[in-house]
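What follows is the content of query.txt, which has compact mmCIF, C-alpha atoms and all ligand atoms:
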```txt
# COMPACT_ATOMS: atom_id res chain seq x y z
CA SER A 1 28.04 1.94 1.86
CA LYS A 2 24.90 -0.15 2.06
CA TYR A 3 21.64 0.88 3.67
CA PRO A 4 19.82 -1.61 5.89
CA VAL A 5 16.26 -2.55 4.91
CA VAL A 6 14.04 -4.98 6.81
CA LEU A 7 12.58 -7.59 4.45
CA ILE A 8 9.35 -9.35 5.40
CA ALA A 9 8.78 -11.83 2.56
CA GLY A 10 5.20 -12.60 3.64
CA ASP A 11 2.85 -15.49 2.94
CA GLY A 12 1.16 -17.00 -0.13
CA ILE A 13 2.60 -15.24 -3.18
CA GLY A 14 4.72 -13.10 -0.81
CA PRO A 15 7.97 -15.09 -1.04
CA GLU A 16 7.62 -15.44 -4.84
CA VAL A 17 7.15 -11.72 -5.51
CA SER A 18 9.72 -10.75 -2.84
CA ASP A 19 12.40 -12.96 -4.41
CA ALA A 20 11.73 -11.43 -7.81
CA VAL A 21 11.90 -7.88 -6.45
CA VAL A 22 15.11 -8.51 -4.50
CA GLU A 23 16.70 -9.79 -7.72
CA VAL A 24 15.68 -6.71 -9.69
CA LEU A 25 16.93 -4.37 -6.94
CA LYS A 26 20.25 -6.19 -6.88
CA ALA A 27 20.62 -6.08 -10.67
CA ALA A 28 19.86 -2.34 -10.58
CA GLY A 29 22.69 -1.77 -8.14
CA ALA A 30 20.52 -0.54 -5.27
CA PRO A 31 22.91 -0.28 -2.30
CA LEU A 32 20.78 -2.25 0.15
CA GLU A 33 21.52 -4.72 2.92
CA TRP A 34 18.57 -7.00 3.65
CA ILE A 35 17.57 -7.90 7.19
CA SER A 36 15.05 -10.75 6.88
CA CYS A 37 12.28 -10.88 9.48
CA ASP A 38 9.16 -12.97 9.91
CA ALA A 39 5.49 -12.13 10.25
CA GLY A 40 2.18 -13.87 9.59
CA LEU A 41 1.97 -17.60 8.85
CA ALA A 42 5.72 -17.74 8.25
CA ALA A 43 6.30 -16.57 11.84
CA LEU A 44 3.68 -18.94 13.30
CA GLY A 45 5.33 -21.82 11.44
CA LYS A 46 8.57 -21.08 13.31
CA GLY A 47 6.76 -21.09 16.64
CA LYS A 48 6.73 -17.30 16.92
CA ASP A 49 3.90 -14.85 17.43
CA VAL A 50 1.99 -13.83 14.30
CA MET A 51 3.61 -10.37 14.64
CA PRO A 52 6.87 -11.02 16.48
CA GLU A 53 8.30 -8.34 18.76
CA GLU A 54 11.73 -8.83 17.12
CA THR A 55 10.29 -7.89 13.71
CA LEU A 56 8.74 -4.71 15.13
CA ASP A 57 12.06 -3.91 16.85
CA ALA A 58 13.97 -4.40 13.60
CA VAL A 59 11.72 -1.93 11.77
CA LYS A 60 12.05 0.54 14.66
CA LYS A 61 15.82 0.19 14.49
CA HIS A 62 16.31 0.44 10.73
CA HIS A 63 13.27 2.64 9.96
CA VAL A 64 12.62 1.17 6.49
CA ALA A 65 11.01 -2.12 5.47
CA LEU A 66 9.85 -3.87 2.31
CA LYS A 67 6.98 -6.22 3.02
CA GLY A 68 5.15 -8.94 1.13
CA PRO A 69 1.50 -9.69 1.96
CA CYS A 70 0.84 -11.56 5.20
CA THR A 71 -1.96 -13.96 6.06
CA THR A 72 -3.56 -13.80 9.50
CA PRO A 73 -5.41 -17.02 10.35
CA VAL A 74 -9.12 -16.26 10.73
CA GLY A 75 -11.18 -17.38 13.73
CA LYS A 76 -8.19 -18.37 15.89
CA GLY A 77 -8.07 -15.26 18.02
CA PHE A 78 -5.21 -13.53 16.19
CA THR A 79 -5.26 -9.79 15.61
CA SER A 80 -4.45 -8.95 11.98
CA VAL A 81 -0.71 -8.80 11.28
CA ASN A 82 -1.17 -5.68 9.20
CA VAL A 83 -3.35 -3.89 11.74
CA GLN A 84 -0.79 -4.68 14.47
CA LEU A 85 2.17 -3.56 12.38
CA ARG A 86 0.53 -0.29 11.37
CA LYS A 87 -0.74 0.51 14.87
CA LYS A 88 2.32 -0.51 16.84
CA LEU A 89 4.70 1.41 14.58
CA ASN A 90 2.30 4.33 14.19
CA LEU A 91 2.39 4.02 10.40
CA PHE A 92 -0.62 6.28 10.23
CA ALA A 93 -0.58 7.15 6.52
CA ALA A 94 -1.03 4.66 3.72
CA ILE A 95 -0.10 6.37 0.45
CA ARG A 96 -1.15 4.46 -2.65
CA PRO A 97 -0.57 5.85 -6.14
CA VAL A 98 -2.93 4.43 -8.77
CA ARG A 99 -1.78 5.19 -12.31
CA SER A 100 -2.54 4.03 -15.84
CA LEU A 101 0.42 2.25 -17.41
CA ASP A 102 1.49 2.20 -21.05
CA GLY A 103 1.01 -1.33 -22.29
CA VAL A 104 -1.80 -2.08 -19.81
CA PRO A 105 -4.95 -1.04 -21.65
CA THR A 106 -8.05 -0.55 -19.50
CA ARG A 107 -11.40 1.21 -19.85
CA TYR A 108 -9.72 4.51 -18.93
CA GLU A 109 -6.61 6.39 -19.99
CA ASP A 110 -4.66 8.87 -17.89
CA VAL A 111 -5.84 7.69 -14.48
CA ASP A 112 -3.56 9.33 -11.93
CA LEU A 113 -4.96 9.02 -8.41
CA VAL A 114 -3.33 8.87 -5.02
CA ILE A 115 -5.22 7.34 -2.12
CA VAL A 116 -4.26 8.58 1.32
CA ARG A 117 -5.73 6.15 3.82
CA GLU A 118 -5.75 6.71 7.59
CA ASN A 119 -4.06 3.56 8.79
CA THR A 120 -4.41 3.26 12.56
CA GLU A 121 -7.96 3.98 13.71
CA GLY A 122 -11.47 4.30 12.25
CA LEU A 123 -13.40 1.07 11.84
CA TYR A 124 -10.15 -0.96 11.93
CA SER A 125 -9.26 0.11 15.45
CA GLY A 126 -9.45 -3.56 16.37
CA VAL A 127 -11.80 -2.96 19.28
CA GLU A 128 -14.59 -5.56 19.16
CA ASN A 129 -16.87 -6.73 21.92
CA ARG A 130 -19.46 -9.37 22.54
CA ILE A 131 -22.24 -7.59 24.38
CA THR A 132 -24.58 -10.56 24.76
CA SER A 133 -24.70 -13.95 23.08
CA ASN A 134 -26.77 -12.29 20.37
CA VAL A 135 -25.06 -8.92 20.02
CA VAL A 136 -21.53 -7.95 19.02
CA THR A 137 -19.96 -4.57 18.29
CA THR A 138 -16.99 -3.25 16.32
CA LEU A 139 -15.93 0.19 17.45
CA LYS A 140 -15.13 2.96 14.99
CA ILE A 141 -12.68 5.33 16.65
CA ALA A 142 -11.73 8.82 15.56
CA THR A 143 -9.40 10.97 17.61
CA VAL A 144 -8.35 14.59 17.19
CA GLU A 145 -4.71 13.50 17.10
CA GLY A 146 -5.33 10.74 14.54
CA THR A 147 -7.51 12.77 12.19
CA GLU A 148 -5.38 15.92 12.34
CA ARG A 149 -2.11 14.13 11.60
CA ILE A 150 -3.53 12.34 8.55
CA ALA A 151 -5.16 15.55 7.30
CA LYS A 152 -1.84 17.37 7.66
CA ARG A 153 0.02 14.57 5.88
CA ALA A 154 -2.49 14.62 3.00
CA PHE A 155 -2.26 18.40 2.52
CA GLU A 156 1.54 18.22 2.70
CA TYR A 157 1.53 15.49 0.07
CA VAL A 158 -0.61 17.55 -2.34
CA GLN A 159 1.54 20.63 -1.79
CA LYS A 160 4.93 18.93 -2.00
CA ARG A 161 4.09 16.90 -5.09
CA GLY A 162 2.32 19.78 -6.82
CA ARG A 163 -0.90 17.79 -7.09
CA LYS A 164 -4.15 19.46 -8.10
CA LYS A 165 -6.52 18.93 -5.20
CA LEU A 166 -7.61 16.85 -2.26
CA THR A 167 -11.00 15.12 -2.11
CA VAL A 168 -12.21 13.70 1.20
CA PHE A 169 -14.53 10.68 1.03
CA HIS A 170 -16.77 10.39 4.11
CA LYS A 171 -20.15 9.42 5.47
CA ALA A 172 -20.60 12.20 8.03
CA ASN A 173 -24.28 12.43 7.20
CA ILE A 174 -24.73 9.09 9.01
CA MET A 175 -21.63 8.82 11.22
CA LYS A 176 -21.93 12.36 12.43
CA MET A 177 -19.40 12.08 15.23
CA SER A 178 -16.54 10.00 13.81
CA ASP A 179 -16.62 11.10 10.18
CA GLY A 180 -17.74 14.53 11.42
CA LEU A 181 -14.49 14.83 13.39
CA PHE A 182 -12.53 13.63 10.35
CA LEU A 183 -14.07 16.46 8.26
CA ASP A 184 -13.56 19.02 11.06
CA SER A 185 -9.88 18.14 11.26
CA VAL A 186 -9.47 18.49 7.49
CA ALA A 187 -11.19 21.90 7.61
CA LYS A 188 -8.99 22.97 10.53
CA LEU A 189 -5.73 21.87 8.89
CA HIS A 190 -6.73 23.53 5.62
CA LYS A 191 -6.08 26.87 7.31
CA ASP A 192 -2.36 26.01 7.15
CA PHE A 193 -2.62 24.88 3.51
CA SER A 194 -5.02 27.44 2.07
CA ASP A 195 -3.35 27.19 -1.36
CA VAL A 196 -4.42 23.52 -1.65
CA PRO A 197 -7.93 23.14 -3.07
CA TYR A 198 -10.03 20.55 -1.32
CA ASP A 199 -13.58 19.27 -1.46
CA THR A 200 -15.64 16.57 0.22
CA GLN A 201 -17.84 13.83 -1.22
CA ILE A 202 -20.18 11.41 0.44
CA ILE A 203 -18.41 8.13 -0.21
CA ASP A 204 -21.16 6.16 -1.96
CA ALA A 205 -21.79 8.88 -4.54
CA GLY A 206 -18.02 9.46 -4.69
CA CYS A 207 -17.49 5.81 -5.69
CA MET A 208 -20.06 6.11 -8.44
CA LYS A 209 -18.28 9.18 -9.83
CA LEU A 210 -14.91 7.48 -9.45
CA VAL A 211 -15.86 4.56 -11.70
CA GLN A 212 -17.67 6.84 -14.16
CA ASP A 213 -14.63 9.06 -14.69
CA PRO A 214 -11.58 8.59 -12.46
CA THR A 215 -9.73 11.38 -14.28
CA LYS A 216 -11.92 13.91 -12.43
CA PHE A 217 -10.17 12.98 -9.16
CA ASP A 218 -6.65 13.60 -7.93
CA VAL A 219 -5.67 12.87 -4.30
CA LEU A 220 -8.29 11.08 -2.18
CA LEU A 221 -8.23 11.13 1.63
CA MET A 222 -10.30 8.81 3.78
CA GLU A 223 -10.73 6.78 6.93
CA ASN A 224 -9.12 3.34 7.30
CA PHE A 225 -11.92 1.01 6.17
CA TYR A 226 -13.00 3.24 3.28
CA GLY A 227 -9.37 3.44 2.17
CA ASP A 228 -9.05 -0.34 2.16
CA VAL A 229 -12.09 -0.78 -0.08
CA VAL A 230 -11.50 2.19 -2.38
CA SER A 231 -7.84 1.14 -2.92
CA ASP A 232 -8.92 -2.17 -4.47
CA LEU A 233 -11.70 -0.45 -6.41
CA ALA A 234 -9.19 2.05 -7.80
CA ALA A 235 -6.75 -0.77 -8.63
CA GLY A 236 -9.50 -2.19 -10.84
CA LEU A 237 -9.45 1.01 -12.88
CA VAL A 238 -5.81 0.58 -13.96
CA GLY A 239 -5.35 -3.17 -14.46
CA GLY A 240 -5.85 -4.71 -11.03
CA LEU A 241 -3.99 -5.48 -7.83
CA GLY A 242 -0.87 -6.56 -9.72
CA VAL A 243 0.00 -2.94 -10.55
CA VAL A 244 -0.76 -0.87 -7.44
CA PRO A 245 2.03 -0.13 -4.96
CA GLY A 246 1.83 1.38 -1.53
CA SER A 247 3.56 2.67 1.55
CA ASN A 248 2.69 2.86 5.22
CA ILE A 249 4.43 5.90 6.67
CA GLY A 250 4.59 7.33 10.18
CA PHE A 251 6.91 9.97 11.62
CA GLU A 252 9.96 7.73 12.00
CA ASP A 253 9.33 4.50 10.15
CA ALA A 254 8.09 3.46 6.72
CA VAL A 255 6.94 0.06 5.47
CA PHE A 256 6.49 -0.38 1.73
CA GLU A 257 4.10 -3.02 0.42
CA ALA A 258 1.69 -3.66 -2.44
CA VAL A 259 -2.04 -3.16 -1.96
CA HIS A 260 -2.76 -6.81 -2.76
CA GLY A 261 -2.91 -9.72 -0.32
CA SER A 262 -1.31 -13.15 -0.26
CA ALA A 263 -3.49 -14.41 -3.16
CA PRO A 264 -3.91 -18.02 -1.98
CA ASP A 265 -5.69 -18.88 -5.25
CA ILE A 266 -2.45 -18.50 -7.22
CA ALA A 267 0.21 -19.00 -4.53
CA GLY A 268 3.03 -21.43 -5.27
CA LYS A 269 2.37 -21.44 -9.02
CA GLY A 270 5.03 -18.89 -9.93
CA ILE A 271 2.53 -16.75 -11.83
CA ALA A 272 1.90 -13.79 -9.47
CA ASN A 273 2.71 -10.35 -10.78
CA PRO A 274 5.71 -8.94 -8.89
CA LEU A 275 5.16 -5.47 -10.34
CA ALA A 276 3.07 -4.06 -7.46
CA LEU A 277 5.81 -4.95 -4.97
CA LEU A 278 8.50 -3.77 -7.42
CA MET A 279 6.75 -0.41 -7.72
CA SER A 280 6.52 -0.31 -3.91
CA SER A 281 10.28 -0.86 -3.79
CA VAL A 282 10.76 2.11 -6.12
CA MET A 283 8.67 4.20 -3.70
CA MET A 284 10.97 2.91 -0.97
CA LEU A 285 14.10 3.93 -2.88
CA ASN A 286 12.66 7.41 -3.47
CA HIS A 287 11.91 7.68 0.25
CA MET A 288 15.48 6.61 1.07
CA TYR A 289 16.92 9.03 -1.45
CA GLU A 290 15.04 11.88 0.24
CA LYS A 291 16.42 10.71 3.55
CA TYR A 292 20.04 9.92 2.66
CA GLY A 293 20.57 11.92 -0.54
CA ASP A 294 22.64 9.10 -2.08
CA LYS A 295 22.59 9.37 -5.89
CA GLN A 296 23.12 5.64 -6.31
CA ILE A 297 19.70 5.07 -4.70
CA HIS A 298 18.08 7.58 -7.01
CA ALA A 299 19.75 6.04 -10.07
CA ALA A 300 18.50 2.56 -9.14
CA ALA A 301 14.94 3.85 -8.71
CA GLU A 302 14.95 5.63 -12.07
CA SER A 303 16.48 2.68 -13.86
CA ILE A 304 13.94 0.19 -12.45
CA LYS A 305 11.01 2.45 -13.27
CA ALA A 306 12.17 2.95 -16.87
CA ALA A 307 12.82 -0.79 -17.23
CA TYR A 308 9.39 -1.99 -16.08
CA ASN A 309 7.65 0.63 -18.20
CA LYS A 310 9.69 -0.51 -21.21
CA ALA A 311 8.92 -4.15 -20.46
CA LEU A 312 5.18 -3.45 -20.31
CA SER A 313 5.13 -1.44 -23.52
CA ASP A 314 7.10 -4.26 -25.20
CA GLY A 315 4.22 -6.57 -24.20
CA GLU A 316 6.14 -8.40 -21.47
CA LYS A 317 3.31 -9.14 -19.03
CA THR A 318 2.11 -11.62 -16.45
CA GLY A 319 -1.23 -13.44 -16.70
CA ASP A 320 -3.25 -10.95 -14.65
CA LEU A 321 -2.47 -8.33 -17.34
CA GLY A 322 -3.33 -10.64 -20.23
CA GLY A 323 0.25 -11.80 -20.83
CA SER A 324 1.83 -15.21 -20.40
CA LEU A 325 4.96 -14.59 -18.31
CA GLY A 326 5.54 -16.07 -14.87
CA THR A 327 6.83 -14.10 -11.88
CA GLN A 328 10.50 -14.86 -12.56
CA GLU A 329 10.18 -14.36 -16.31
CA PHE A 330 8.73 -10.90 -15.80
CA ALA A 331 11.54 -10.06 -13.36
CA LYS A 332 14.06 -11.17 -16.01
CA ALA A 333 12.30 -9.06 -18.65
CA VAL A 334 12.75 -6.05 -16.35
CA ILE A 335 16.37 -6.88 -15.53
CA SER A 336 17.29 -7.19 -19.21
CA ARG A 337 15.98 -3.63 -19.74
CA LEU A 338 17.86 -1.96 -16.88
CA SER A 339 20.12 0.83 -18.10
P1 LIG B 1 -5.74 -10.74 -2.56
O1 LIG B 1 -5.32 -9.34 -2.84
O2 LIG B 1 -4.71 -11.65 -2.01
O3 LIG B 1 -6.30 -11.40 -3.90
C1 LIG B 1 -7.41 -10.89 -4.61
C2 LIG B 1 -7.36 -11.37 -6.07
O4 LIG B 1 -6.31 -10.68 -6.77
C3 LIG B 1 -7.05 -12.84 -6.19
O5 LIG B 1 -7.77 -13.38 -7.25
C4 LIG B 1 -5.56 -12.86 -6.49
O6 LIG B 1 -5.12 -13.97 -7.22
C5 LIG B 1 -5.37 -11.58 -7.29
N1 LIG B 1 -4.03 -11.03 -7.07
C6 LIG B 1 -3.61 -10.37 -5.96
N2 LIG B 1 -2.32 -10.02 -6.09
C7 LIG B 1 -1.91 -10.45 -7.29
C8 LIG B 1 -0.67 -10.40 -8.00
N3 LIG B 1 0.41 -9.80 -7.48
N4 LIG B 1 -0.61 -10.96 -9.22
C9 LIG B 1 -1.68 -11.54 -9.77
N5 LIG B 1 -2.88 -11.64 -9.16
C10 LIG B 1 -2.99 -11.09 -7.93
O7 LIG B 1 -7.00 -10.65 -1.58
P2 LIG B 1 -7.73 -11.79 -0.74
O8 LIG B 1 -7.79 -13.05 -1.51
O9 LIG B 1 -8.94 -11.14 -0.27
O10 LIG B 1 -6.80 -11.99 0.54
C11 LIG B 1 -5.93 -13.10 0.70
C12 LIG B 1 -5.18 -12.97 2.02
O11 LIG B 1 -4.30 -11.84 1.98
C13 LIG B 1 -6.06 -12.77 3.24
O12 LIG B 1 -5.52 -13.56 4.28
C14 LIG B 1 -5.90 -11.32 3.58
O13 LIG B 1 -6.08 -11.04 4.94
C15 LIG B 1 -4.48 -11.06 3.16
N6 LIG B 1 -4.19 -9.67 2.82
C16 LIG B 1 -3.00 -9.17 3.23
C17 LIG B 1 -2.64 -7.89 2.90
C18 LIG B 1 -1.31 -7.41 3.35
O14 LIG B 1 -0.51 -8.16 3.91
N7 LIG B 1 -1.01 -6.16 3.13
C19 LIG B 1 -3.52 -7.03 2.12
C20 LIG B 1 -4.73 -7.66 1.69
C21 LIG B 1 -5.05 -8.95 2.06
MG MG B 2 -6.94 -4.33 1.30
```
Translate the structure of the given file into structure tokens.
Ligand code: NAI
Ligand code: MG
Amino acid sequence: SKYPVVLIAGDGIGPEVSDAVVEVLKAAGAPLEWISCDAGLAALGKGKDVMPEETLDAVKKHHVALKGPCTTPVGKGFTSVNVQLRKKLNLFAAIRPVRSLDGVPTRYEDVDLVIVRENTEGLYSGVENRITSNVVTTLKIATVEGTERIAKRAFEYVQKRGRKKLTVFHKANIMKMSDGLFLDSVAKLHKDFSDVPYDTQIIDAGCMKLVQDPTKFDVLLMENFYGDVVSDLAAGLVGGLGVVPGSNIGFEDAVFEAVHGSAPDIAGKGIANPLALLMSSVMMLNHMYEKYGDKQIHAAAESIKAAYNKALSDGEKTGDLGGSLGTQEFAKAVISRLS
């Protein structure tokens, strides 16, 4: 039987990388049935809302989605597509593995980080106000519920995956209440995960240490805005945004997407790297395998992972990684290496 997955192709390079990934998944025999839905500019273009209710309903119904990057028009009163999606579906944990790849040489070897980003509150709560004509505010929100559930999810992740430790990036020395609550919740939840080592770092010094030697870190937990920034920073340690996948996971639903955006500077040229979305799709298959236990899903995930690693070590790379392949050519290089 086939498992339904909502597909949001996205904007900019979104449709290009989504097409490539769908082809690889098909060639790998992943038993998926795609349910295409719109969001972002693509939805606006069809006269719909930037985050249509029907798309949210489809994800609620099928529980799993693969999503390309979406563009939210700026200065036209729209709330970010991604913020809406994550908040409305309660996808409170963004999990983003950042790993060195064979065949993608960078300044560092053996980088193996996972960023756990709180995805629904913090500085991206979306609450902004004009106080006077000269003063505006953006509210940073931290709740006991929001901080405890992300802390629990992060500890569970470390425990379940046998990771080494959890490091919390924060700025509680300045934002004593919001980041203070974040730290309190981590300390409280640690009582249930006392076998998981954890420490805390003030984020600015933490970033300095991260670029000096990323191999000293393991799993990083932080508030929404910090997680956004540190994800791109960490991507830069392993070859860039073309190679970092991600997931947005709540209690019921999960949306898998790359860390990168719609890359308007290279959109429509057929040169975007589809690997970050392909890796996200492997995360999705692993999630579905845990859920459904179907060995065909597991086999597809393993085969795709082995094939892209082989392609990279054979020097098959897109421009962002110093190669010369286009999006489709890289997808074909992966497909020809599927077992
Ligand atoms: P971006 O991530 O789209 O691009 C940053 C740089 O990385 C650009 O030079 C781009 O060409 C390059 N890049 C990104 N992905 C790449 C890939 N797969 N292959 C090769 N090069 C790649 O960030 P930017 O330009 O700040 O944002 C563009 C738009 O994307 C904005 O509208 C933003 O709101 C949106 N965005 C959407 C996200 C999502 O839907 N999850 C996440 C981040 C941004
Ligand atoms: Mg970002």
Distance query Arg96 (chain A) at most 6 Å, all atoms listed in the file, self and fewer than 6 positions along chain excluded, as a PDB file with C-alpha atoms, in the coordinates of the input:
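Saved as result-v9.pdb:
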```
ATOM      1  CA  VAL A 114      -3.330   8.870  -5.020  1.00  0.00           C
ATOM      2  CA  ILE A 115      -5.220   7.340  -2.120  1.00  0.00           C
ATOM      3  CA  GLY A 246       1.830   1.380  -1.530  1.00  0.00           C
TER       4      GLY A 246
END
```
key: Near-Gly29 (chain A) list (9 Å; only C-alpha atoms; drop same-chain fewer than 6 positions) as a VMD selection string   = chain A and resid 296 to 297 299 to 300
Give one line per residue of region 9-47 of chain A that approaches region 327-335 of chain A to at most 7 Å, naming the two atoms of the closest pair and their distance in Å to one decimal, counting all atoms listed in the file; sort by chain then ascending residue number and deliver it as a tab-separated table.
```
residue	atom	partner	partner_atom	distance
A:Val17	CA	A:Thr327	CA	6.8
A:Ala20	CA	A:Ala331	CA	5.7
A:Val24	CA	A:Ile335	CA	5.9
A:Ala27	CA	A:Ile335	CA	6.5
```
The selected residues should be written to file as a short mmCIF file (atom, residue, chain, number, x, y, z; two decimals), in the frame of the given file (atoms: C-alpha atoms).
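Heads up, here's the output in again38.cif:
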```cif
data_model
loop_
_atom_site.label_atom_id
_atom_site.label_comp_id
_atom_site.auth_asym_id
_atom_site.auth_seq_id
_atom_site.Cartn_x
_atom_site.Cartn_y
_atom_site.Cartn_z
CA VAL A 17 7.15 -11.72 -5.51
CA ALA A 20 11.73 -11.43 -7.81
CA VAL A 24 15.68 -6.71 -9.69
CA ALA A 27 20.62 -6.08 -10.67
#
```
Checklist entry - Can I get the residues close to ligand LIG 1 (chain B) as a ChimeraX atom specification, where close means within 8 Å and we count only C-alpha atoms and all ligand atoms? => result /A:10,12-13,17,67-74,80-82,240-243,257-267,271-277,318-320
The residue from A:Leu220, A:Ile203, A:Ala311, A:Ala235 with the smallest atom-to-atom distance to ligand MG 2 (chain B), counting all atoms listed in the file, is A:Ala235
From CA of Ala9 (chain A) to CA of Met284 (chain A) the spacing works out at 15.3 Å
9 Å shell around ligand MG 2 (chain B) using only C-alpha atoms and all ligand atoms, listed as a compact mmCIF listing (two decimals) with C-alpha atoms, in the frame of the given file:
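Below is the file out36.txt, written as the result:
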```
# COMPACT_ATOMS: atom_id res chain seq x y z
CA PHE A 225 -11.92 1.01 6.17
CA GLY A 227 -9.37 3.44 2.17
CA ASP A 228 -9.05 -0.34 2.16
CA VAL A 229 -12.09 -0.78 -0.08
CA VAL A 230 -11.50 2.19 -2.38
CA SER A 231 -7.84 1.14 -2.92
CA ASP A 232 -8.92 -2.17 -4.47
CA VAL A 259 -2.04 -3.16 -1.96
CA HIS A 260 -2.76 -6.81 -2.76
CA GLY A 261 -2.91 -9.72 -0.32
```
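Considering the residues A:Thr215, A:Ser178, A:Gln159, A:Asn173 and counting all atoms listed in the file, Phe193 (chain A) has its shortest atom-to-atom contact with A:Gln159.
The smallest atom-to-atom distance between Cys37 (chain A) and any of A:Val22, A:Ile249, A:Val158, A:Val59, using only C-alpha atoms, is found for A:Val59.
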Quick one: everything within 9 Å of Ser339 (chain A), counting only C-alpha atoms, minus sequence neighbours fewer than 6 positions away in the same chain. Send it as a PyMOL selection string.
-> chain A and resi 28+303-304+306-307
| field | Within-7 Å shell of (-4.3, 6.7, 11.6) in input frame, all atoms listed in the file, as a PyMOL selection string | value | chain A and resi 92-93+118-121+146-147+150
Mind filling out region 224-243 of chain A with N, CA and C atoms and sending it as a short mmCIF file (atom, residue, chain, number, x, y, z; two decimals), in the frame of the given file?
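Saved file out15.cif follows:
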```cif
data_model
loop_
_atom_site.label_atom_id
_atom_site.label_comp_id
_atom_site.auth_asym_id
_atom_site.auth_seq_id
_atom_site.Cartn_x
_atom_site.Cartn_y
_atom_site.Cartn_z
N ASN A 224 -9.76 4.63 7.49
CA ASN A 224 -9.12 3.34 7.30
C ASN A 224 -9.91 2.33 6.44
N PHE A 225 -11.11 2.00 6.87
CA PHE A 225 -11.92 1.01 6.17
C PHE A 225 -12.27 1.47 4.75
N TYR A 226 -12.68 2.74 4.61
CA TYR A 226 -13.00 3.24 3.28
C TYR A 226 -11.77 3.14 2.37
N GLY A 227 -10.61 3.46 2.95
CA GLY A 227 -9.37 3.44 2.17
C GLY A 227 -9.02 2.05 1.70
N ASP A 228 -9.30 1.05 2.52
CA ASP A 228 -9.05 -0.34 2.16
C ASP A 228 -9.88 -0.70 0.93
N VAL A 229 -11.17 -0.40 1.00
CA VAL A 229 -12.09 -0.78 -0.08
C VAL A 229 -11.82 0.03 -1.35
N VAL A 230 -11.67 1.33 -1.19
CA VAL A 230 -11.50 2.19 -2.38
C VAL A 230 -10.15 1.92 -3.06
N SER A 231 -9.14 1.48 -2.30
CA SER A 231 -7.84 1.14 -2.92
C SER A 231 -8.01 0.00 -3.93
N ASP A 232 -8.72 -1.05 -3.54
CA ASP A 232 -8.92 -2.17 -4.47
C ASP A 232 -9.81 -1.76 -5.64
N LEU A 233 -10.82 -0.96 -5.34
CA LEU A 233 -11.70 -0.45 -6.41
C LEU A 233 -10.86 0.34 -7.43
N ALA A 234 -10.02 1.22 -6.92
CA ALA A 234 -9.19 2.05 -7.80
C ALA A 234 -8.19 1.19 -8.58
N ALA A 235 -7.67 0.13 -7.93
CA ALA A 235 -6.75 -0.77 -8.63
C ALA A 235 -7.44 -1.34 -9.87
N GLY A 236 -8.73 -1.65 -9.72
CA GLY A 236 -9.50 -2.19 -10.84
C GLY A 236 -9.61 -1.24 -12.02
N LEU A 237 -9.36 0.03 -11.79
CA LEU A 237 -9.45 1.01 -12.88
C LEU A 237 -8.19 1.03 -13.75
N VAL A 238 -7.08 0.48 -13.23
CA VAL A 238 -5.81 0.58 -13.96
C VAL A 238 -5.17 -0.77 -14.28
N GLY A 239 -5.91 -1.86 -14.10
CA GLY A 239 -5.35 -3.17 -14.46
C GLY A 239 -5.33 -4.17 -13.32
N GLY A 240 -5.72 -3.75 -12.13
CA GLY A 240 -5.85 -4.71 -11.03
C GLY A 240 -4.80 -4.58 -9.95
N LEU A 241 -4.86 -5.54 -9.01
CA LEU A 241 -3.99 -5.48 -7.83
C LEU A 241 -2.52 -5.75 -8.15
N GLY A 242 -2.26 -6.28 -9.33
CA GLY A 242 -0.87 -6.56 -9.72
C GLY A 242 -0.07 -5.31 -10.04
N VAL A 243 -0.72 -4.15 -10.11
CA VAL A 243 0.00 -2.94 -10.55
C VAL A 243 -0.15 -1.75 -9.59
#
```
